[in-house]
Structure formats: C-alpha cells, structure tokens
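Enquirer: Quick one: the structure is below, questions incoming.
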Amino acid sequence: MKNKISQEEQEQLISILKVRFEKNTNRHQNIDWSKVEAKLNANPEKLWSLLQMEKTEGEPDVVNYNKDTDEYTFFDCAAESPKARRSLCYDRKALDSRKEHKPKNSAVDMAAEMGIELLTEEQYRQLQEFGNFDTKTSSWIATPDDVRKLGGAVFCDFRYGRVFLYHNGAESYYAARGFRGFLKI
C-alpha cells in the first residue's frame, strides 16, 4: 500500500493531534477525544493524509462532528497558510498553461496527492470563528466551476477584522499564498 503509515508515525501523530485537541478546546466543544482517537486508529489511510497535513505545517485539528454520517472533520488550523504548500497555482490546467516560471505544483493536485480537499468558502469562514487565520498570508479555496471555466480561481485571507474573498488568474502563484485543506474521518 503506497500511502502507509508506520506504527511509530501513527503513535507520534496521534500524540501531536491529542495535544493540539486539548490545547484548542474552542474548536471542538462537546467532542470526546477518545472517540476521535478510536476513529483515527480504525482508519490508517486517513491517518496518512493527516500526517501529510502535519508534515506540510498545516496543523490539522478537529473542528466538527457529524452524527448523521459519524464523521469527524479536520481543518488545517495553522495561523498562516501552511508554509510547505505555498507558491502554487490553482490547478493542473493552470499549471499546464504556464509557459515559463512554472510553480512546482498546483494546490488542487497537491491536495489530491495528500488525500484531502481544499476548504470551501463556507468552511474558510467557519475556520475564522476559531481565531484569526491568514492575517499575513492567503489561501486558495475551492473555486466554483463557473468562475474556473472563465480562467479564474478564488482565495481568501483575514484582514481588518473580516474575511476577504478575492479572485485571481488560476495560473498565478505567490510566496504568501498556499492552500488550506480538510479531511473527513
């Protein structure tokens, strides 16, 4: 199996996630860590994705539990857009369209390789309820198809006490723009 996590990595990651969970209780009120941990241990392929989120400095944390689907949702909760996921254009089409100075990857492709998805605008706004994120950086978010068909992509940041949603050409990339993802387990 390609996306395998060792027992040692699993134990270390769960320890990191538990410390983060206990330190940021405002993100997951009424969620019991022991149930989250049991779910993590039962889903090693999802743990691999969480490890990728952690390795790229996303600082994943539980932000929601859906009792109807019995799923926990993890968001990247790093204060700024994850460092190891910056300087990326939006998607493969945008990357392929660049003739020169191509970035190393695209946000959509990198998220898929990690087994996660880009936050939606609604999820990005939900994240901001837990604190002020992206006060110096910005993050690509899932772009609506009608915008993408016209060549654009959208990103958000937090300035002046509010979330701003912007557009840019999907092929653009900046050192201060990365992406935030989510994973359901």
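In the structure tokens, chains take the letters A, B, ... in the order shown, each chain's residues start at 1, and ligands count up from 1 in the order shown.
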Per residue of stretch 52-84 of chain A within 12 Å of stretch 105-115 of chain A, record the nearest atom pair and its distance in Å to one decimal, counting only C-alpha atoms, with rows in chain order and ascending residue number, as a Markdown table.

Expert:
| residue | atom | partner | partner_atom | distance |
| --- | --- | --- | --- | --- |
| A:Gln52 | CA | A:Met114 | CA | 5.9 |
| A:Met53 | CA | A:Met114 | CA | 7.4 |
| A:Glu54 | CA | A:Met114 | CA | 10.6 |
| A:Lys55 | CA | A:Met114 | CA | 10.4 |
| A:Thr56 | CA | A:Met114 | CA | 9.9 |
| A:Gly58 | CA | A:Ala111 | CA | 11.7 |
| A:Asp76 | CA | A:Ala111 | CA | 11.7 |
| A:Ser81 | CA | A:Ala107 | CA | 11.9 |
| A:Pro82 | CA | A:Ala107 | CA | 11.5 |
| A:Ala84 | CA | A:Met110 | CA | 10.6 |

Enquirer: Applying 9 Å and only C-alpha atoms, which residues near A:Ala142 remain after dropping the ones on its own chain fewer than 5 positions away? List them as a compact mmCIF listing (two decimals) with N, CA, C and O atoms, in the first residue's frame.

Expert:
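What ended up in out_23.txt:
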# COMPACT_ATOMS: atom_id res chain seq x y z
N VAL A 108 -4.70 22.17 -6.14
CA VAL A 108 -5.66 21.07 -6.29
C VAL A 108 -4.93 19.73 -6.41
O VAL A 108 -5.32 18.74 -5.78
N GLU A 117 -9.04 17.72 0.58
CA GLU A 117 -9.69 18.66 -0.33
C GLU A 117 -9.46 20.08 0.15
O GLU A 117 -9.26 20.31 1.35
N LEU A 118 -9.52 21.04 -0.78
CA LEU A 118 -9.41 22.45 -0.41
C LEU A 118 -10.66 22.87 0.35
O LEU A 118 -11.77 22.41 0.05
N LEU A 119 -10.47 23.75 1.34
CA LEU A 119 -11.62 24.31 2.05
C LEU A 119 -12.52 25.04 1.08
O LEU A 119 -12.05 25.66 0.12
N THR A 120 -13.81 25.01 1.34
CA THR A 120 -14.77 25.83 0.60
C THR A 120 -14.80 27.21 1.25
O THR A 120 -14.27 27.41 2.35
N GLU A 121 -15.46 28.15 0.61
CA GLU A 121 -15.60 29.48 1.21
C GLU A 121 -16.32 29.37 2.56
O GLU A 121 -15.92 30.00 3.55
N ALA A 153 -9.72 31.81 -10.31
CA ALA A 153 -9.75 30.99 -9.11
C ALA A 153 -9.89 31.95 -7.93
O ALA A 153 -9.59 33.14 -8.06
N VAL A 154 -10.35 31.44 -6.80
CA VAL A 154 -10.59 32.31 -5.66
C VAL A 154 -9.72 31.92 -4.47
O VAL A 154 -9.32 30.77 -4.32
N PHE A 155 -9.43 32.94 -3.66
CA PHE A 155 -8.66 32.74 -2.45
C PHE A 155 -9.18 33.69 -1.39
O PHE A 155 -9.92 34.64 -1.69

Enquirer: For A:Ile185, which residue out of A:Lys83, A:Arg159, A:Lys35, A:Lys149 is the nearest one, using only C-alpha atoms?

Expert: A:Lys35

Enquirer: Given only C-alpha atoms as the basis, pick out the residue of A:Gly161, A:Gly151, A:Lys99, A:Arg85 nearest to A:Ala176.

Expert: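 Using only C-alpha atoms, A:Ala176 sits closest to A:Arg85.
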
Enquirer: Just list the residues in stretch 13-175 of chain A DSSP gives alpha helix (DSSP H) on the backbone, as an MDAnalysis selection string.

Expert: chainID A and resid 13:23 33:41 44:55 92:97 107:114 121:128 145:149

Enquirer: Neighbours of A:Ser87 within 10 Å (only C-alpha atoms; same-chain residues fewer than 5 positions away dropped), as a ChimeraX atom specification?

Expert: /A:102-107,172-179

Enquirer: Would you write out those residues with all heavy atoms, as a JSON list (two decimals), in the first residue's frame?

Expert:
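Resulting contents of result.json:
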[["chain", "number", "residue", "atom", "x", "y", "z"],
["A", 102, "LYS", "N", 7.16, 28.12, -14.12],
["A", 102, "LYS", "CA", 6.10, 27.27, -13.56],
["A", 102, "LYS", "C", 6.36, 27.00, -12.08],
["A", 102, "LYS", "O", 7.50, 26.74, -11.70],
["A", 102, "LYS", "CB", 6.04, 25.94, -14.30],
["A", 102, "LYS", "CG", 5.49, 26.02, -15.69],
["A", 102, "LYS", "CD", 5.34, 24.62, -16.27],
["A", 102, "LYS", "CE", 4.77, 24.73, -17.67],
["A", 102, "LYS", "NZ", 3.72, 23.77, -17.91],
["A", 103, "PRO", "N", 5.32, 27.03, -11.27],
["A", 103, "PRO", "CA", 5.49, 26.61, -9.87],
["A", 103, "PRO", "C", 5.71, 25.10, -9.82],
["A", 103, "PRO", "O", 5.49, 24.40, -10.82],
["A", 103, "PRO", "CB", 4.18, 27.02, -9.22],
["A", 103, "PRO", "CG", 3.19, 27.04, -10.33],
["A", 103, "PRO", "CD", 3.95, 27.43, -11.56],
["A", 104, "LYS", "N", 6.10, 24.61, -8.66],
["A", 104, "LYS", "CA", 6.40, 23.18, -8.53],
["A", 104, "LYS", "C", 5.16, 22.29, -8.60],
["A", 104, "LYS", "O", 5.26, 21.10, -8.88],
["A", 104, "LYS", "CB", 7.17, 22.91, -7.24],
["A", 104, "LYS", "CG", 6.39, 23.23, -5.97],
["A", 104, "LYS", "CD", 7.23, 23.01, -4.71],
["A", 104, "LYS", "CE", 6.43, 23.28, -3.48],
["A", 104, "LYS", "NZ", 6.58, 24.58, -2.90],
["A", 105, "ASN", "N", 3.99, 22.86, -8.34],
["A", 105, "ASN", "CA", 2.77, 22.05, -8.31],
["A", 105, "ASN", "C", 1.57, 22.99, -8.29],
["A", 105, "ASN", "O", 1.73, 24.22, -8.29],
["A", 105, "ASN", "CB", 2.77, 21.16, -7.06],
["A", 105, "ASN", "CG", 1.92, 19.91, -7.21],
["A", 105, "ASN", "OD1", 1.10, 19.79, -8.11],
["A", 105, "ASN", "ND2", 2.13, 18.95, -6.32],
["A", 106, "SER", "N", 0.38, 22.40, -8.24],
["A", 106, "SER", "CA", -0.84, 23.19, -8.07],
["A", 106, "SER", "C", -1.51, 22.81, -6.76],
["A", 106, "SER", "O", -1.29, 21.70, -6.24],
["A", 106, "SER", "CB", -1.80, 22.94, -9.24],
["A", 106, "SER", "OG", -2.43, 21.68, -9.12],
["A", 107, "ALA", "N", -2.31, 23.70, -6.24],
["A", 107, "ALA", "CA", -3.00, 23.45, -4.98],
["A", 107, "ALA", "C", -3.93, 22.25, -5.08],
["A", 107, "ALA", "O", -3.92, 21.37, -4.20],
["A", 107, "ALA", "CB", -3.78, 24.70, -4.55],
["A", 172, "SER", "N", -1.77, 32.08, -11.51],
["A", 172, "SER", "CA", -0.92, 32.92, -10.66],
["A", 172, "SER", "C", -0.47, 32.14, -9.43],
["A", 172, "SER", "O", -1.11, 31.17, -9.01],
["A", 172, "SER", "CB", -1.67, 34.18, -10.23],
["A", 172, "SER", "OG", -2.74, 33.85, -9.38],
["A", 173, "TYR", "N", 0.65, 32.57, -8.88],
["A", 173, "TYR", "CA", 1.12, 31.99, -7.63],
["A", 173, "TYR", "C", 1.99, 33.01, -6.92],
["A", 173, "TYR", "O", 2.64, 33.83, -7.55],
["A", 173, "TYR", "CB", 1.87, 30.67, -7.85],
["A", 173, "TYR", "CG", 3.15, 30.75, -8.62],
["A", 173, "TYR", "CD1", 4.38, 30.80, -7.96],
["A", 173, "TYR", "CD2", 3.15, 30.78, -10.01],
["A", 173, "TYR", "CE1", 5.57, 30.87, -8.67],
["A", 173, "TYR", "CE2", 4.33, 30.83, -10.74],
["A", 173, "TYR", "CZ", 5.54, 30.88, -10.06],
["A", 173, "TYR", "OH", 6.72, 30.95, -10.76],
["A", 174, "TYR", "N", 1.96, 32.94, -5.60],
["A", 174, "TYR", "CA", 2.67, 33.91, -4.77],
["A", 174, "TYR", "C", 3.29, 33.21, -3.57],
["A", 174, "TYR", "O", 2.74, 32.23, -3.06],
["A", 174, "TYR", "CB", 1.71, 35.01, -4.27],
["A", 174, "TYR", "CG", 1.08, 35.77, -5.41],
["A", 174, "TYR", "CD1", -0.14, 35.38, -5.93],
["A", 174, "TYR", "CD2", 1.74, 36.85, -5.98],
["A", 174, "TYR", "CE1", -0.71, 36.08, -7.00],
["A", 174, "TYR", "CE2", 1.19, 37.54, -7.05],
["A", 174, "TYR", "CZ", -0.03, 37.14, -7.55],
["A", 174, "TYR", "OH", -0.59, 37.82, -8.59],
["A", 175, "ALA", "N", 4.39, 33.74, -3.10],
["A", 175, "ALA", "CA", 5.10, 33.16, -1.96],
["A", 175, "ALA", "C", 4.25, 33.17, -0.68],
["A", 175, "ALA", "O", 4.45, 32.36, 0.20],
["A", 175, "ALA", "CB", 6.41, 33.90, -1.71],
["A", 176, "ALA", "N", 3.30, 34.08, -0.59],
["A", 176, "ALA", "CA", 2.46, 34.18, 0.61],
["A", 176, "ALA", "C", 1.09, 33.53, 0.43],
["A", 176, "ALA", "O", 0.23, 33.67, 1.28],
["A", 176, "ALA", "CB", 2.29, 35.64, 1.00],
["A", 177, "ARG", "N", 0.88, 32.81, -0.68],
["A", 177, "ARG", "CA", -0.42, 32.15, -0.88],
["A", 177, "ARG", "C", -0.21, 30.64, -1.00],
["A", 177, "ARG", "O", 0.53, 30.15, -1.81],
["A", 177, "ARG", "CB", -1.13, 32.63, -2.13],
["A", 177, "ARG", "CG", -2.51, 31.94, -2.28],
["A", 177, "ARG", "CD", -3.30, 32.40, -3.47],
["A", 177, "ARG", "NE", -3.35, 33.85, -3.51],
["A", 177, "ARG", "CZ", -3.37, 34.55, -4.65],
["A", 177, "ARG", "NH1", -3.37, 33.93, -5.81],
["A", 177, "ARG", "NH2", -3.39, 35.85, -4.60],
["A", 178, "GLY", "N", -0.92, 29.94, -0.12],
["A", 178, "GLY", "CA", -0.91, 28.48, -0.16],
["A", 178, "GLY", "C", -2.33, 27.98, -0.26],
["A", 178, "GLY", "O", -3.17, 28.58, -0.93],
["A", 179, "PHE", "N", -2.62, 26.90, 0.43],
["A", 179, "PHE", "CA", -3.99, 26.42, 0.49],
["A", 179, "PHE", "C", -4.21, 25.71, 1.82],
["A", 179, "PHE", "O", -3.28, 25.22, 2.45],
["A", 179, "PHE", "CB", -4.35, 25.49, -0.68],
["A", 179, "PHE", "CG", -3.73, 24.12, -0.63],
["A", 179, "PHE", "CD1", -4.40, 23.07, 0.00],
["A", 179, "PHE", "CD2", -2.51, 23.87, -1.20],
["A", 179, "PHE", "CE1", -3.84, 21.79, 0.06],
["A", 179, "PHE", "CE2", -1.94, 22.60, -1.16],
["A", 179, "PHE", "CZ", -2.61, 21.56, -0.52]]

Enquirer: Using DSSP on the backbone coordinates, identify the residues of stretch 71-120 of chain A assigned to strand (DSSP E); present them as a ChimeraX atom specification.

Expert: /A:71-76,117-118

Enquirer: Using C-alpha atoms, can you write the selected residues to a file as a compact mmCIF listing (two decimals), in the first residue's frame?

Expert:
# COMPACT_ATOMS: atom_id res chain seq x y z
CA GLU A 71 -17.59 11.65 10.66
CA TYR A 72 -15.10 14.00 12.25
CA THR A 73 -13.82 16.89 10.13
CA PHE A 74 -10.24 18.11 10.42
CA PHE A 75 -9.18 21.53 9.07
CA ASP A 76 -5.70 22.95 8.64
CA GLU A 117 -9.69 18.66 -0.33
CA LEU A 118 -9.41 22.45 -0.41

Enquirer: Quick one: residues within 10 Å of A:Cys156, only C-alpha atoms counted, chain neighbours fewer than 3 positions away excluded, as an NGL selection string?

Expert: :A and (121 or 124-125 or 134 or 137-141 or 159 or 163-167 or 177 or 179)

Enquirer: Store the residues picked out above in a file with all heavy atoms, as a short mmCIF file (atom, residue, chain, number, x, y, z; two decimals), in the first residue's frame.

Expert:
data_model
loop_
_atom_site.label_atom_id
_atom_site.label_comp_id
_atom_site.auth_asym_id
_atom_site.auth_seq_id
_atom_site.Cartn_x
_atom_site.Cartn_y
_atom_site.Cartn_z
N GLU A 121 -15.46 28.15 0.61
CA GLU A 121 -15.60 29.48 1.21
C GLU A 121 -16.32 29.37 2.56
O GLU A 121 -15.92 30.00 3.55
CB GLU A 121 -16.37 30.42 0.29
CG GLU A 121 -16.55 31.80 0.89
CD GLU A 121 -17.37 32.76 0.01
OE1 GLU A 121 -17.77 32.39 -1.11
OE2 GLU A 121 -17.62 33.89 0.49
N TYR A 124 -13.95 28.05 5.10
CA TYR A 124 -12.94 29.06 5.44
C TYR A 124 -13.53 30.06 6.45
O TYR A 124 -12.87 30.43 7.43
CB TYR A 124 -12.46 29.79 4.18
CG TYR A 124 -11.26 30.66 4.44
CD1 TYR A 124 -9.97 30.16 4.33
CD2 TYR A 124 -11.42 32.00 4.81
CE1 TYR A 124 -8.86 30.96 4.58
CE2 TYR A 124 -10.32 32.80 5.07
CZ TYR A 124 -9.05 32.28 4.95
OH TYR A 124 -7.95 33.08 5.21
N ARG A 125 -14.75 30.47 6.23
CA ARG A 125 -15.41 31.39 7.17
C ARG A 125 -15.63 30.72 8.52
O ARG A 125 -15.49 31.35 9.56
CB ARG A 125 -16.70 31.92 6.57
CG ARG A 125 -16.45 32.86 5.40
CD ARG A 125 -17.74 33.42 4.80
NE ARG A 125 -17.46 34.20 3.61
CZ ARG A 125 -16.99 35.44 3.60
NH1 ARG A 125 -16.76 36.07 4.73
NH2 ARG A 125 -16.77 36.07 2.46
N ASP A 134 -4.60 33.47 8.59
CA ASP A 134 -4.19 34.14 7.35
C ASP A 134 -4.21 35.66 7.49
O ASP A 134 -4.72 36.37 6.63
CB ASP A 134 -5.05 33.72 6.15
CG ASP A 134 -4.72 32.33 5.64
OD1 ASP A 134 -3.61 31.85 5.88
OD2 ASP A 134 -5.60 31.75 4.97
N THR A 137 -0.94 35.98 5.25
CA THR A 137 -0.90 35.15 4.04
C THR A 137 -2.30 35.05 3.47
O THR A 137 -3.24 35.65 4.00
CB THR A 137 -0.37 33.74 4.38
OG1 THR A 137 -1.23 33.16 5.38
CG2 THR A 137 1.06 33.76 4.87
N SER A 138 -2.44 34.28 2.41
CA SER A 138 -3.76 33.99 1.85
C SER A 138 -3.79 32.53 1.45
O SER A 138 -2.75 31.88 1.35
CB SER A 138 -4.06 34.89 0.65
OG SER A 138 -3.12 34.69 -0.38
N SER A 139 -4.99 32.01 1.22
CA SER A 139 -5.15 30.59 0.91
C SER A 139 -6.14 30.39 -0.24
O SER A 139 -7.25 30.94 -0.21
CB SER A 139 -5.67 29.82 2.13
OG SER A 139 -4.74 29.83 3.17
N TRP A 140 -5.69 29.62 -1.25
CA TRP A 140 -6.62 29.20 -2.30
C TRP A 140 -7.74 28.40 -1.63
O TRP A 140 -7.49 27.65 -0.67
CB TRP A 140 -5.94 28.26 -3.29
CG TRP A 140 -4.95 28.84 -4.24
CD1 TRP A 140 -3.61 28.54 -4.29
CD2 TRP A 140 -5.19 29.75 -5.32
NE1 TRP A 140 -3.01 29.22 -5.32
CE2 TRP A 140 -3.96 29.98 -5.97
CE3 TRP A 140 -6.32 30.41 -5.79
CZ2 TRP A 140 -3.83 30.82 -7.06
CZ3 TRP A 140 -6.19 31.26 -6.87
CH2 TRP A 140 -4.97 31.46 -7.50
N ILE A 141 -8.96 28.56 -2.11
CA ILE A 141 -10.08 27.74 -1.65
C ILE A 141 -10.74 27.12 -2.87
O ILE A 141 -10.45 27.51 -4.01
CB ILE A 141 -11.10 28.57 -0.82
CG1 ILE A 141 -11.71 29.70 -1.65
CG2 ILE A 141 -10.45 29.11 0.46
CD1 ILE A 141 -12.91 30.36 -0.99
N ARG A 159 -8.25 40.16 7.03
CA ARG A 159 -7.66 41.48 7.26
C ARG A 159 -8.75 42.40 7.84
O ARG A 159 -9.93 42.24 7.55
CB ARG A 159 -7.13 42.12 5.97
CG ARG A 159 -6.15 41.28 5.17
CD ARG A 159 -4.78 41.17 5.84
NE ARG A 159 -3.74 40.69 4.95
CZ ARG A 159 -3.50 39.42 4.67
NH1 ARG A 159 -4.25 38.47 5.17
NH2 ARG A 159 -2.50 39.08 3.87
N VAL A 163 -13.14 38.45 6.82
CA VAL A 163 -12.68 37.58 5.74
C VAL A 163 -12.88 38.30 4.43
O VAL A 163 -13.95 38.86 4.17
CB VAL A 163 -13.47 36.25 5.72
CG1 VAL A 163 -13.14 35.43 4.48
CG2 VAL A 163 -13.20 35.44 6.97
N PHE A 164 -11.85 38.28 3.59
CA PHE A 164 -11.96 38.80 2.23
C PHE A 164 -11.84 37.65 1.25
O PHE A 164 -10.97 36.78 1.40
CB PHE A 164 -10.86 39.83 1.95
CG PHE A 164 -11.12 41.16 2.62
CD1 PHE A 164 -10.65 41.41 3.90
CD2 PHE A 164 -11.85 42.14 1.97
CE1 PHE A 164 -10.91 42.62 4.52
CE2 PHE A 164 -12.11 43.36 2.58
CZ PHE A 164 -11.64 43.60 3.86
N LEU A 165 -12.71 37.65 0.27
CA LEU A 165 -12.70 36.68 -0.82
C LEU A 165 -12.24 37.43 -2.06
O LEU A 165 -12.81 38.49 -2.38
CB LEU A 165 -14.10 36.11 -1.05
CG LEU A 165 -14.30 35.24 -2.28
CD1 LEU A 165 -13.61 33.89 -2.11
CD2 LEU A 165 -15.78 35.03 -2.56
N TYR A 166 -11.21 36.92 -2.72
CA TYR A 166 -10.66 37.57 -3.90
C TYR A 166 -10.64 36.60 -5.07
O TYR A 166 -10.79 35.39 -4.90
CB TYR A 166 -9.19 37.98 -3.68
CG TYR A 166 -8.89 38.84 -2.51
CD1 TYR A 166 -8.58 38.27 -1.27
CD2 TYR A 166 -8.85 40.22 -2.63
CE1 TYR A 166 -8.24 39.06 -0.19
CE2 TYR A 166 -8.50 41.01 -1.55
CZ TYR A 166 -8.21 40.43 -0.34
OH TYR A 166 -7.86 41.22 0.73
N HIS A 167 -10.33 37.14 -6.24
CA HIS A 167 -10.14 36.31 -7.43
C HIS A 167 -8.78 36.64 -8.03
O HIS A 167 -8.20 37.69 -7.78
CB HIS A 167 -11.23 36.60 -8.46
CG HIS A 167 -11.20 38.02 -8.95
ND1 HIS A 167 -10.45 38.42 -10.02
CD2 HIS A 167 -11.80 39.13 -8.46
CE1 HIS A 167 -10.60 39.73 -10.20
NE2 HIS A 167 -11.41 40.18 -9.26
N ARG A 177 0.88 32.81 -0.68
CA ARG A 177 -0.42 32.15 -0.88
C ARG A 177 -0.21 30.64 -1.00
O ARG A 177 0.53 30.15 -1.81
CB ARG A 177 -1.13 32.63 -2.13
CG ARG A 177 -2.51 31.94 -2.28
CD ARG A 177 -3.30 32.40 -3.47
NE ARG A 177 -3.35 33.85 -3.51
CZ ARG A 177 -3.37 34.55 -4.65
NH1 ARG A 177 -3.37 33.93 -5.81
NH2 ARG A 177 -3.39 35.85 -4.60
N PHE A 179 -2.62 26.90 0.43
CA PHE A 179 -3.99 26.42 0.49
C PHE A 179 -4.21 25.71 1.82
O PHE A 179 -3.28 25.22 2.45
CB PHE A 179 -4.35 25.49 -0.68
CG PHE A 179 -3.73 24.12 -0.63
CD1 PHE A 179 -4.40 23.07 0.00
CD2 PHE A 179 -2.51 23.87 -1.20
CE1 PHE A 179 -3.84 21.79 0.06
CE2 PHE A 179 -1.94 22.60 -1.16
CZ PHE A 179 -2.61 21.56 -0.52
#
